[in-house]
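Colleague: I am sharing protein_27.pdb, which consists of PDB, C-alpha atoms:
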```
MODEL        1
ATOM      1  CA  MET Q 966     -14.883   7.312  12.444
ATOM      2  CA  PRO Q 967     -12.934   6.337   9.300
ATOM      3  CA  LEU Q 968      -9.570   4.665   9.832
ATOM      4  CA  LEU Q 969      -7.932   6.970   7.267
ATOM      5  CA  LYS Q 970      -9.112  10.470   6.442
ATOM      6  CA  VAL Q 971      -7.402  12.533   3.748
ATOM      7  CA  ILE Q 972      -8.478  16.190   3.924
ATOM      8  CA  ASP Q 973      -7.912  18.764   1.151
ATOM      9  CA  LEU Q 974      -4.387  17.593   0.389
ATOM     10  CA  LYS Q 975      -2.351  19.892  -1.821
ATOM     11  CA  LYS Q 976       1.264  19.380  -2.839
ATOM     12  CA  VAL Q 977       3.255  21.852  -4.897
ATOM     13  CA  TYR Q 978       6.884  21.211  -5.819
ATOM     14  CA  THR Q 979       9.217  24.093  -6.596
ATOM     15  CA  THR Q 980      12.514  23.681  -8.424
ATOM     16  CA  ARG Q 981      15.862  24.697  -6.990
ATOM     17  CA  PHE Q 982      16.367  27.343  -9.655
ATOM     18  CA  GLY Q 983      13.039  29.111  -9.346
ATOM     19  CA  GLY Q 984      11.271  27.461 -12.255
ATOM     20  CA  HIS Q 985       7.539  27.037 -12.575
ATOM     21  CA  PRO Q 986       6.010  25.247  -9.562
ATOM     22  CA  VAL Q 987       4.517  21.825 -10.248
ATOM     23  CA  GLN Q 988       1.246  20.916  -8.564
ATOM     24  CA  ALA Q 989       1.221  17.190  -7.816
ATOM     25  CA  LEU Q 990      -1.963  17.153  -5.704
ATOM     26  CA  ALA Q 991      -4.884  19.584  -5.651
ATOM     27  CA  ASN Q 992      -7.412  19.406  -2.810
ATOM     28  CA  VAL Q 993      -7.566  15.602  -2.572
ATOM     29  CA  SER Q 994     -10.088  14.329  -0.038
ATOM     30  CA  PHE Q 995     -11.336  10.801   0.704
ATOM     31  CA  THR Q 996     -11.761   8.333   3.548
ATOM     32  CA  VAL Q 997     -10.930   4.658   4.046
ATOM     33  CA  GLU Q 998     -12.945   2.620   6.511
ATOM     34  CA  GLN Q 999     -11.527  -0.042   8.811
ATOM     35  CA  GLY Q1000     -11.316  -3.336   6.886
ATOM     36  CA  GLU Q1001     -11.572  -1.808   3.398
ATOM     37  CA  PHE Q1002      -9.394  -2.786   0.443
ATOM     38  CA  VAL Q1003      -9.017   0.317  -1.740
ATOM     39  CA  ALA Q1004      -7.067   0.630  -5.000
ATOM     40  CA  VAL Q1005      -5.787   3.949  -6.362
ATOM     41  CA  MET Q1006      -5.398   4.291 -10.131
ATOM     42  CA  GLY Q1007      -4.571   6.981 -12.671
ATOM     43  CA  GLU Q1008      -2.173   7.858 -15.454
ATOM     44  CA  SER Q1009       1.550   8.284 -14.803
ATOM     45  CA  GLY Q1010       2.151  11.670 -13.218
ATOM     46  CA  ALA Q1011      -1.392  11.904 -11.840
ATOM     47  CA  GLY Q1012      -0.136  12.158  -8.250
ATOM     48  CA  LYS Q1013      -0.666   8.588  -6.988
ATOM     49  CA  THR Q1014       2.846   8.063  -5.608
ATOM     50  CA  THR Q1015       2.919  11.548  -4.096
ATOM     51  CA  LEU Q1016      -0.342  10.747  -2.335
ATOM     52  CA  LEU Q1017       1.010   7.452  -1.009
ATOM     53  CA  ASN Q1018       4.242   9.102   0.184
ATOM     54  CA  ILE Q1019       2.301  11.712   2.140
ATOM     55  CA  ILE Q1020       0.032   9.086   3.736
ATOM     56  CA  ALA Q1021       3.188   7.127   4.659
ATOM     57  CA  GLY Q1022       4.771  10.202   6.209
ATOM     58  CA  PHE Q1023       7.686  10.187   3.751
ATOM     59  CA  ASP Q1024       6.640  13.595   2.419
ATOM     60  CA  LYS Q1025       4.746  16.605   3.765
ATOM     61  CA  PRO Q1026       1.841  18.268   1.949
ATOM     62  CA  THR Q1027       1.843  21.944   1.064
ATOM     63  CA  SER Q1028      -1.527  22.113   2.804
ATOM     64  CA  GLY Q1029      -4.214  19.761   4.079
ATOM     65  CA  ASP Q1030      -4.079  16.903   6.544
ATOM     66  CA  VAL Q1031      -4.020  13.105   6.859
ATOM     67  CA  LEU Q1032      -5.626  11.465   9.892
ATOM     68  CA  LEU Q1033      -4.968   7.851  10.847
ATOM     69  CA  ASN Q1034      -7.321   6.714  13.598
ATOM     70  CA  GLY Q1035      -7.944  10.389  14.337
ATOM     71  CA  LYS Q1036      -4.234  11.274  14.688
ATOM     72  CA  SER Q1037      -2.661  13.723  12.253
ATOM     73  CA  ILE Q1038       0.258  12.213  10.353
ATOM     74  CA  VAL Q1039       1.201  15.629   8.989
ATOM     75  CA  SER Q1040       1.793  17.126  12.437
ATOM     76  CA  ILE Q1041       4.112  14.346  13.677
ATOM     77  CA  ASP Q1042       7.719  15.532  13.872
ATOM     78  CA  GLU Q1043      10.593  13.675  12.215
ATOM     79  CA  LYS Q1044      11.840  12.150  15.470
ATOM     80  CA  GLU Q1045       8.495  10.462  16.130
ATOM     81  CA  MET Q1046       7.650   9.553  12.544
ATOM     82  CA  SER Q1047       9.793   6.407  12.280
ATOM     83  CA  ALA Q1048       8.215   4.911  15.390
ATOM     84  CA  PHE Q1049       4.736   5.956  14.236
ATOM     85  CA  ARG Q1050       5.233   4.261  10.851
ATOM     86  CA  ARG Q1051       6.596   1.113  12.474
ATOM     87  CA  ASP Q1052       3.660   0.875  14.898
ATOM     88  CA  ASN Q1053       0.832   1.805  12.532
ATOM     89  CA  LEU Q1054       1.774   1.201   8.899
ATOM     90  CA  GLY Q1055       2.917  -1.793   6.858
ATOM     91  CA  PHE Q1056       4.582  -1.369   3.469
ATOM     92  CA  VAL Q1057       4.695  -3.590   0.376
ATOM     93  CA  PHE Q1058       6.736  -2.201  -2.507
ATOM     94  CA  GLN Q1059       7.341  -3.218  -6.109
ATOM     95  CA  ASP Q1060      11.057  -3.916  -5.570
ATOM     96  CA  PHE Q1061      10.530  -5.832  -2.275
ATOM     97  CA  ASN Q1062      13.083  -3.726  -0.302
ATOM     98  CA  LEU Q1063      14.623  -6.799   1.323
ATOM     99  CA  LEU Q1064      18.152  -6.883   2.761
ATOM    100  CA  ASP Q1065      20.246  -9.466   0.920
ATOM    101  CA  THR Q1066      22.574  -9.961   3.903
ATOM    102  CA  PHE Q1067      19.621 -10.924   6.135
ATOM    103  CA  SER Q1068      17.815 -14.256   5.988
ATOM    104  CA  ILE Q1069      14.126 -14.320   5.054
ATOM    105  CA  LYS Q1070      13.323 -14.773   8.745
ATOM    106  CA  ASP Q1071      15.461 -11.819   9.818
ATOM    107  CA  ASN Q1072      13.981  -9.589   7.097
ATOM    108  CA  ILE Q1073      10.490 -10.335   8.408
ATOM    109  CA  LEU Q1074      11.449  -9.805  12.050
ATOM    110  CA  LEU Q1075      13.420  -6.579  11.487
ATOM    111  CA  PRO Q1076      10.545  -4.187  12.395
ATOM    112  CA  LEU Q1077      10.029  -6.059  15.682
ATOM    113  CA  VAL Q1078      13.749  -5.964  16.428
ATOM    114  CA  LEU Q1079      13.738  -2.193  15.882
ATOM    115  CA  ALA Q1080      10.696  -1.928  18.161
ATOM    116  CA  GLY Q1081      12.529  -3.799  20.919
ATOM    117  CA  GLN Q1082      10.166  -6.795  21.038
ATOM    118  CA  SER Q1083      11.259  -9.895  22.929
ATOM    119  CA  TYR Q1084      12.550 -12.955  21.078
ATOM    120  CA  ARG Q1085       9.572 -14.952  22.340
ATOM    121  CA  GLU Q1086       7.064 -12.397  21.047
ATOM    122  CA  MET Q1087       8.822 -12.280  17.674
ATOM    123  CA  ASN Q1088       8.641 -16.046  17.197
ATOM    124  CA  GLU Q1089       5.012 -16.190  18.349
ATOM    125  CA  ARG Q1090       4.120 -13.683  15.629
ATOM    126  CA  LEU Q1091       6.381 -15.130  12.946
ATOM    127  CA  MET Q1092       5.140 -18.677  12.530
ATOM    128  CA  PRO Q1093       1.396 -18.023  11.996
ATOM    129  CA  ILE Q1094       2.200 -15.411   9.335
ATOM    130  CA  ALA Q1095       4.840 -17.609   7.667
ATOM    131  CA  LYS Q1096       2.365 -20.503   7.500
ATOM    132  CA  LYS Q1097      -0.386 -18.299   6.060
ATOM    133  CA  LEU Q1098       1.970 -16.971   3.369
ATOM    134  CA  ARG Q1099       3.496 -20.401   2.689
ATOM    135  CA  ILE Q1100       7.101 -19.413   3.379
ATOM    136  CA  THR Q1101       7.983 -21.590   6.384
ATOM    137  CA  ASP Q1102      10.333 -23.673   4.217
ATOM    138  CA  ILE Q1103      12.440 -20.676   3.125
ATOM    139  CA  LEU Q1104      12.850 -18.815   6.433
ATOM    140  CA  GLU Q1105      16.559 -19.675   6.682
ATOM    141  CA  LYS Q1106      17.291 -18.800   3.055
ATOM    142  CA  PHE Q1107      18.418 -15.409   1.751
ATOM    143  CA  PRO Q1108      16.490 -13.173  -0.683
ATOM    144  CA  TYR Q1109      18.854 -13.964  -3.576
ATOM    145  CA  GLU Q1110      18.044 -17.669  -3.149
ATOM    146  CA  VAL Q1111      14.257 -17.413  -3.610
ATOM    147  CA  SER Q1112      11.806 -16.481  -6.386
ATOM    148  CA  GLY Q1113      10.186 -13.102  -6.946
ATOM    149  CA  GLY Q1114       6.873 -14.388  -5.619
ATOM    150  CA  GLN Q1115       8.554 -15.676  -2.470
ATOM    151  CA  LYS Q1116      10.321 -12.335  -2.016
ATOM    152  CA  GLN Q1117       7.007 -10.509  -2.238
ATOM    153  CA  ARG Q1118       5.355 -12.878   0.243
ATOM    154  CA  THR Q1119       8.303 -12.173   2.539
ATOM    155  CA  ALA Q1120       7.677  -8.448   2.119
ATOM    156  CA  ILE Q1121       3.995  -8.972   2.973
ATOM    157  CA  ALA Q1122       4.975 -10.947   6.081
ATOM    158  CA  ARG Q1123       7.263  -8.110   7.145
ATOM    159  CA  ALA Q1124       4.415  -5.620   6.582
ATOM    160  CA  LEU Q1125       1.988  -7.671   8.690
ATOM    161  CA  ILE Q1126       4.310  -8.694  11.522
ATOM    162  CA  THR Q1127       3.747  -5.429  13.430
ATOM    163  CA  LYS Q1128      -0.052  -5.799  13.200
ATOM    164  CA  PRO Q1129      -0.402  -2.455  11.388
ATOM    165  CA  LYS Q1130      -3.598  -0.457  11.211
ATOM    166  CA  LEU Q1131      -3.045   0.131   7.479
ATOM    167  CA  VAL Q1132      -1.025  -1.664   4.787
ATOM    168  CA  LEU Q1133       0.219   0.558   1.954
ATOM    169  CA  ALA Q1134       1.096  -1.247  -1.275
ATOM    170  CA  ASP Q1135       2.847   0.551  -4.148
ATOM    171  CA  GLU Q1136       2.649  -1.436  -7.407
ATOM    172  CA  PRO Q1137       3.118  -4.672  -5.414
ATOM    173  CA  THR Q1138       2.994  -6.959  -8.484
ATOM    174  CA  GLY Q1139       5.174  -4.797 -10.728
ATOM    175  CA  ALA Q1140       8.180  -7.130 -10.529
ATOM    176  CA  LEU Q1141       6.178 -10.383 -10.674
ATOM    177  CA  ASP Q1142       5.018 -12.642 -13.485
ATOM    178  CA  SER Q1143       1.291 -13.203 -14.072
ATOM    179  CA  HIS Q1144       1.106 -16.372 -11.951
ATOM    180  CA  ALA Q1145       2.880 -14.795  -8.966
ATOM    181  CA  SER Q1146       0.760 -11.638  -9.381
ATOM    182  CA  SER Q1147      -2.482 -13.610  -9.190
ATOM    183  CA  ASP Q1148      -1.172 -15.477  -6.152
ATOM    184  CA  LEU Q1149      -0.298 -12.192  -4.425
ATOM    185  CA  LEU Q1150      -3.738 -10.676  -5.042
ATOM    186  CA  ARG Q1151      -5.419 -13.793  -3.661
ATOM    187  CA  LEU Q1152      -3.297 -13.358  -0.531
ATOM    188  CA  PHE Q1153      -4.331  -9.703  -0.286
ATOM    189  CA  ASN Q1154      -7.987 -10.734  -0.520
ATOM    190  CA  GLN Q1155      -7.467 -13.349   2.207
ATOM    191  CA  ILE Q1156      -5.662 -10.894   4.469
ATOM    192  CA  ASN Q1157      -8.334  -8.262   3.854
ATOM    193  CA  ALA Q1158     -11.108 -10.783   4.604
ATOM    194  CA  GLU Q1159      -9.471 -11.317   8.002
ATOM    195  CA  GLY Q1160      -9.830  -7.597   8.756
ATOM    196  CA  GLN Q1161      -6.659  -5.960   7.435
ATOM    197  CA  THR Q1162      -7.150  -2.552   5.802
ATOM    198  CA  ILE Q1163      -5.214  -2.152   2.520
ATOM    199  CA  LEU Q1164      -4.571   0.872   0.292
ATOM    200  CA  MET Q1165      -2.907  -0.151  -2.996
ATOM    201  CA  VAL Q1166      -1.565   1.986  -5.839
ATOM    202  CA  THR Q1167      -1.598   0.067  -9.113
ATOM    203  CA  HIS Q1168      -1.549   0.490 -12.882
ATOM    204  CA  SER Q1169      -3.047  -2.964 -13.354
ATOM    205  CA  VAL Q1170      -6.772  -3.139 -14.076
ATOM    206  CA  ARG Q1171      -6.706  -6.828 -13.178
ATOM    207  CA  ASN Q1172      -5.167  -6.045  -9.781
ATOM    208  CA  ALA Q1173      -7.671  -3.286  -9.075
ATOM    209  CA  CYS Q1174     -10.552  -5.721  -9.671
ATOM    210  CA  HIS Q1175      -9.629  -7.405  -6.386
ATOM    211  CA  ALA Q1176     -10.285  -4.221  -4.389
ATOM    212  CA  GLN Q1177     -13.636  -3.314  -2.873
ATOM    213  CA  ARG Q1178     -13.320   0.252  -4.150
ATOM    214  CA  VAL Q1179     -11.202   1.997  -6.774
ATOM    215  CA  LEU Q1180     -10.224   5.684  -6.557
ATOM    216  CA  PHE Q1181      -9.157   7.380  -9.793
ATOM    217  CA  ILE Q1182      -6.690  10.276  -9.618
ATOM    218  CA  LYS Q1183      -6.493  12.728 -12.516
ATOM    219  CA  ASP Q1184      -4.365  15.886 -12.571
ATOM    220  CA  GLY Q1185      -3.810  15.645  -8.827
ATOM    221  CA  GLU Q1186      -7.498  15.317  -7.927
ATOM    222  CA  VAL Q1187      -9.921  12.513  -7.167
ATOM    223  CA  PHE Q1188     -11.713  12.183 -10.511
ATOM    224  CA  HIS Q1189     -14.070   9.297  -9.763
ATOM    225  CA  GLN Q1190     -14.531   6.188  -7.641
ATOM    226  CA  LEU Q1191     -16.065   2.784  -8.263
ATOM    227  CA  TYR Q1192     -17.484   0.343  -5.728
ATOM    228  CA  LYS Q1193     -17.263  -3.333  -6.568
ATOM    229  CA  ALA Q1194     -20.191  -4.441  -4.384
ATOM    230  CA  SER Q1195     -21.713  -7.485  -6.104
ATOM    231  CA  LEU Q1196     -19.937  -7.009  -9.437
ATOM    232  CA  SER Q1197     -17.917  -9.911 -10.816
ATOM    233  CA  ASN Q1198     -14.235  -9.396 -11.608
ATOM    234  CA  GLU Q1199     -15.131  -9.289 -15.312
ATOM    235  CA  GLU Q1200     -17.780  -6.611 -14.780
ATOM    236  CA  MET Q1201     -15.455  -4.594 -12.556
ATOM    237  CA  TYR Q1202     -12.679  -4.931 -15.160
ATOM    238  CA  GLN Q1203     -14.931  -3.363 -17.787
ATOM    239  CA  LYS Q1204     -16.003  -0.477 -15.544
ATOM    240  CA  ILE Q1205     -12.409   0.284 -14.558
ATOM    241  CA  SER Q1206     -11.290   0.136 -18.204
ATOM    242  CA  ASP Q1207     -14.083   2.485 -19.243
ATOM    243  CA  THR Q1208     -13.110   4.999 -16.544
ATOM    244  CA  LEU Q1209      -9.427   4.894 -17.496
ATOM    245  CA  THR Q1210     -10.397   5.468 -21.141
ATOM    246  CA  LEU Q1211     -12.467   8.461 -20.050
ATOM    247  CA  ILE Q1212      -9.464   9.850 -18.175
ATOM    248  CA  ALA Q1213      -7.111   9.273 -21.124
ATOM    249  CA  THR Q1214      -9.430  10.923 -23.636
ATOM    250  CA  GLY Q1215     -10.217  13.936 -21.469
ATOM    251  CA  GLY Q1216     -13.859  12.986 -21.025
ATOM    252  CA  VAL Q1217     -16.185  14.119 -18.259
ATOM    253  CA  ARG Q1218     -17.560  11.500 -15.914
ATOM    254  CA  ASN Q1219     -21.281  10.924 -15.611
ATOM    255  CA  GLU Q1220     -22.554  11.890 -12.164
TER
ENDMDL
END
```
As structure tokens - that is how I would like this structure written.
Modeller:
Amino acid sequence: MPLLKVIDLKKVYTTRFGGHPVQALANVSFTVEQGEFVAVMGESGAGKTTLLNIIAGFDKPTSGDVLLNGKSIVSIDEKEMSAFRRDNLGFVFQDFNLLDTFSIKDNILLPLVLAGQSYREMNERLMPIAKKLRITDILEKFPYEVSGGQKQRTAIARALITKPKLVLADEPTGALDSHASSDLLRLFNQINAEGQTILMVTHSVRNACHAQRVLFIKDGEVFHQLYKASLSNEEMYQKISDTLTLIATGGVRNE
């Protein structure tokens, strides 16, 4: 059974004043297996963020369903959703979403505090992750005292601390320079190699080359997908670029 199963998702937005409805997603279906690293790409407005928000439980589809480990995310009520997200999903966002009044350590531990974990359990989980992400020396600092790359590694630590089934990453390198971006993607590959499932939305072809599979969204639908398999990063870069050009020029994919 796939870890994540997206079934015929459709999302239509209507305006407050009765204007024309806008269809953000149209019958999107795909699966993600346990341990996969999947990137989602497409032009701005294609529906990528809407898709991610529905998978995260931040938004509800007009129709369709999302199953995580066989459980419907769509059918979970608002009271249960926060706990479900905390127990099953990790989030890495472009703008880090760290609290400036909390230390790096407290930002990482916040999901465990909210879950009512013991202090001993929190510290047992913290140190291995901090060592892996090379942030043990900044745990007592505050977000405004560290670099963008360190902030993003902190955000990754916070995402992993709950041992989530799925990590959702939305443009995770968008606020980073090229060196910090490369460092982050290497960390994602390492984390994925250790068994963590990752679904990443990105505009960056270079970032997408690190994924095992790339899904392309066009006009709210899955247009195409590429598997990396034995391809080098350079070969994958070319295939992704060719597909994005096809999307931009209105071409039809070769089956």
Colleague: Evaluate the PyMOL selection byres ((chain Q and resi 1174) around 9) and record the selected residues as a list of chain:residue names, following the chain and residue labels used in the document.
Modeller: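 Applied to this file, the PyMOL selection byres ((chain Q and resi 1174) around 9) selects Q:Ala1004, Q:Ser1169, Q:Val1170, Q:Arg1171, Q:Asn1172, Q:Ala1173, Q:His1175, Q:Ala1176, Q:Gln1177, Q:Arg1178, Q:Val1179, Q:Lys1193, Q:Ser1197, Q:Asn1198, Q:Glu1199, Q:Glu1200, Q:Met1201, Q:Tyr1202, Q:Ile1205.
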Colleague: One decimal, Å: what's the distance from CA of Val1039 (chain Q) over to CA of Phe1023 (chain Q), could you say?
Modeller: 10.0 Å
Colleague: Between CA of Pro1108 (chain Q) and CA of Ser1146 (chain Q), what distance in Å does the model show, to one decimal?
Modeller: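 Interatomic distance, CA of Pro1108 (chain Q) to CA of Ser1146 (chain Q): 18.0 Å.
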Colleague: Can you pull out every residue within 10 Å of region 1150-1164 of chain Q, counting all atoms listed in the file, but drop anything in the same chain fewer than 6 positions away, and send it as a PDB file with C-alpha atoms, keeping the file's coordinate frame?
Modeller:
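Output file selection18.pdb is given in full below:
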```pdb
ATOM      1  CA  LEU Q 968      -9.570   4.665   9.832  1.00  0.00           C
ATOM      2  CA  LEU Q 969      -7.932   6.970   7.267  1.00  0.00           C
ATOM      3  CA  VAL Q 997     -10.930   4.658   4.046  1.00  0.00           C
ATOM      4  CA  GLU Q 998     -12.945   2.620   6.511  1.00  0.00           C
ATOM      5  CA  GLN Q 999     -11.527  -0.042   8.811  1.00  0.00           C
ATOM      6  CA  GLY Q1000     -11.316  -3.336   6.886  1.00  0.00           C
ATOM      7  CA  GLU Q1001     -11.572  -1.808   3.398  1.00  0.00           C
ATOM      8  CA  PHE Q1002      -9.394  -2.786   0.443  1.00  0.00           C
ATOM      9  CA  VAL Q1003      -9.017   0.317  -1.740  1.00  0.00           C
ATOM     10  CA  ALA Q1004      -7.067   0.630  -5.000  1.00  0.00           C
ATOM     11  CA  VAL Q1005      -5.787   3.949  -6.362  1.00  0.00           C
ATOM     12  CA  LEU Q1017       1.010   7.452  -1.009  1.00  0.00           C
ATOM     13  CA  GLY Q1055       2.917  -1.793   6.858  1.00  0.00           C
ATOM     14  CA  PHE Q1056       4.582  -1.369   3.469  1.00  0.00           C
ATOM     15  CA  LYS Q1097      -0.386 -18.299   6.060  1.00  0.00           C
ATOM     16  CA  LEU Q1098       1.970 -16.971   3.369  1.00  0.00           C
ATOM     17  CA  ARG Q1118       5.355 -12.878   0.243  1.00  0.00           C
ATOM     18  CA  ILE Q1121       3.995  -8.972   2.973  1.00  0.00           C
ATOM     19  CA  LEU Q1125       1.988  -7.671   8.690  1.00  0.00           C
ATOM     20  CA  LYS Q1128      -0.052  -5.799  13.200  1.00  0.00           C
ATOM     21  CA  PRO Q1129      -0.402  -2.455  11.388  1.00  0.00           C
ATOM     22  CA  LYS Q1130      -3.598  -0.457  11.211  1.00  0.00           C
ATOM     23  CA  LEU Q1131      -3.045   0.131   7.479  1.00  0.00           C
ATOM     24  CA  VAL Q1132      -1.025  -1.664   4.787  1.00  0.00           C
ATOM     25  CA  LEU Q1133       0.219   0.558   1.954  1.00  0.00           C
ATOM     26  CA  ALA Q1134       1.096  -1.247  -1.275  1.00  0.00           C
ATOM     27  CA  ASP Q1135       2.847   0.551  -4.148  1.00  0.00           C
ATOM     28  CA  PRO Q1137       3.118  -4.672  -5.414  1.00  0.00           C
ATOM     29  CA  THR Q1138       2.994  -6.959  -8.484  1.00  0.00           C
ATOM     30  CA  ARG Q1171      -6.706  -6.828 -13.178  1.00  0.00           C
ATOM     31  CA  ASN Q1172      -5.167  -6.045  -9.781  1.00  0.00           C
ATOM     32  CA  ALA Q1173      -7.671  -3.286  -9.075  1.00  0.00           C
ATOM     33  CA  CYS Q1174     -10.552  -5.721  -9.671  1.00  0.00           C
ATOM     34  CA  HIS Q1175      -9.629  -7.405  -6.386  1.00  0.00           C
ATOM     35  CA  ALA Q1176     -10.285  -4.221  -4.389  1.00  0.00           C
ATOM     36  CA  GLN Q1177     -13.636  -3.314  -2.873  1.00  0.00           C
ATOM     37  CA  ARG Q1178     -13.320   0.252  -4.150  1.00  0.00           C
ATOM     38  CA  VAL Q1179     -11.202   1.997  -6.774  1.00  0.00           C
TER      39      VAL Q1179
END
```
Colleague: CA of Thr1027 (chain Q) and CA of Lys1183 (chain Q) are how many Å apart?
Modeller: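 Value for the CA of Thr1027 (chain Q)-CA of Lys1183 (chain Q) distance: 18.4 Å.
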Colleague: Could you expand the PyMOL selection byres ((chain Q and resi 1012) around 12) into the explicit residues it covers here, written as a PyMOL selection string?
Modeller: chain Q and resi 974-978+987-993+1005-1011+1013-1019+1166+1181-1188
Colleague: With only C-alpha atoms as the basis for distance, which of Q:Met966, Q:Ser1147, Q:Ile1094, Q:Ala1048 is at the shortest distance from Leu1079 (chain Q)?
Modeller: Q:Ala1048
Colleague: I need the residue nearest Glu1089 (chain Q) from this list: Q:Asp1060, Q:Thr1127, Q:Lys970, Q:Val1111. Use all atoms listed in the file for the distance.
Modeller: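 For Glu1089 (chain Q), the nearest of the candidates is Q:Thr1127.
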Colleague: Taking the file as shown, find all residues satisfying the PyMOL selection byres ((chain Q and resi 1116) around 12) and write them as a ChimeraX atom specification.
Modeller: /Q:1057-1065,1068-1070,1072-1073,1098-1100,1103-1104,1106-1115,1117-1123,1137-1138,1140-1141,1145,1149
Colleague: Taking all atoms of region 994-997 of chain Q that appear in the file, build a box with edges along x, y and z, extend it by 3 Å on every side, and state its centre and edge lengths in Å to one decimal, as JSON.
Modeller:
```
{"center_x": -10.9, "center_y": 9.5, "center_z": 2.0, "size_x": 7.7, "size_y": 15.7, "size_z": 10.1}
```
Colleague: When distances are computed from only C-alpha atoms, which of Q:Ala1124, Q:Ala1021, Q:Ile1041, Q:Leu1209 shows the smallest separation from Leu1091 (chain Q)?
Modeller: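 Using only C-alpha atoms, Leu1091 (chain Q) sits closest to Q:Ala1124.
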Colleague: Which of these residues is nearest to Pro1026 (chain Q), using all atoms listed in the file: Q:Ile972, Q:Ala1213, Q:Leu1075, Q:Ile1126?
Modeller: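 Counting all atoms listed in the file, the residue closest to Pro1026 (chain Q) is Q:Ile972.
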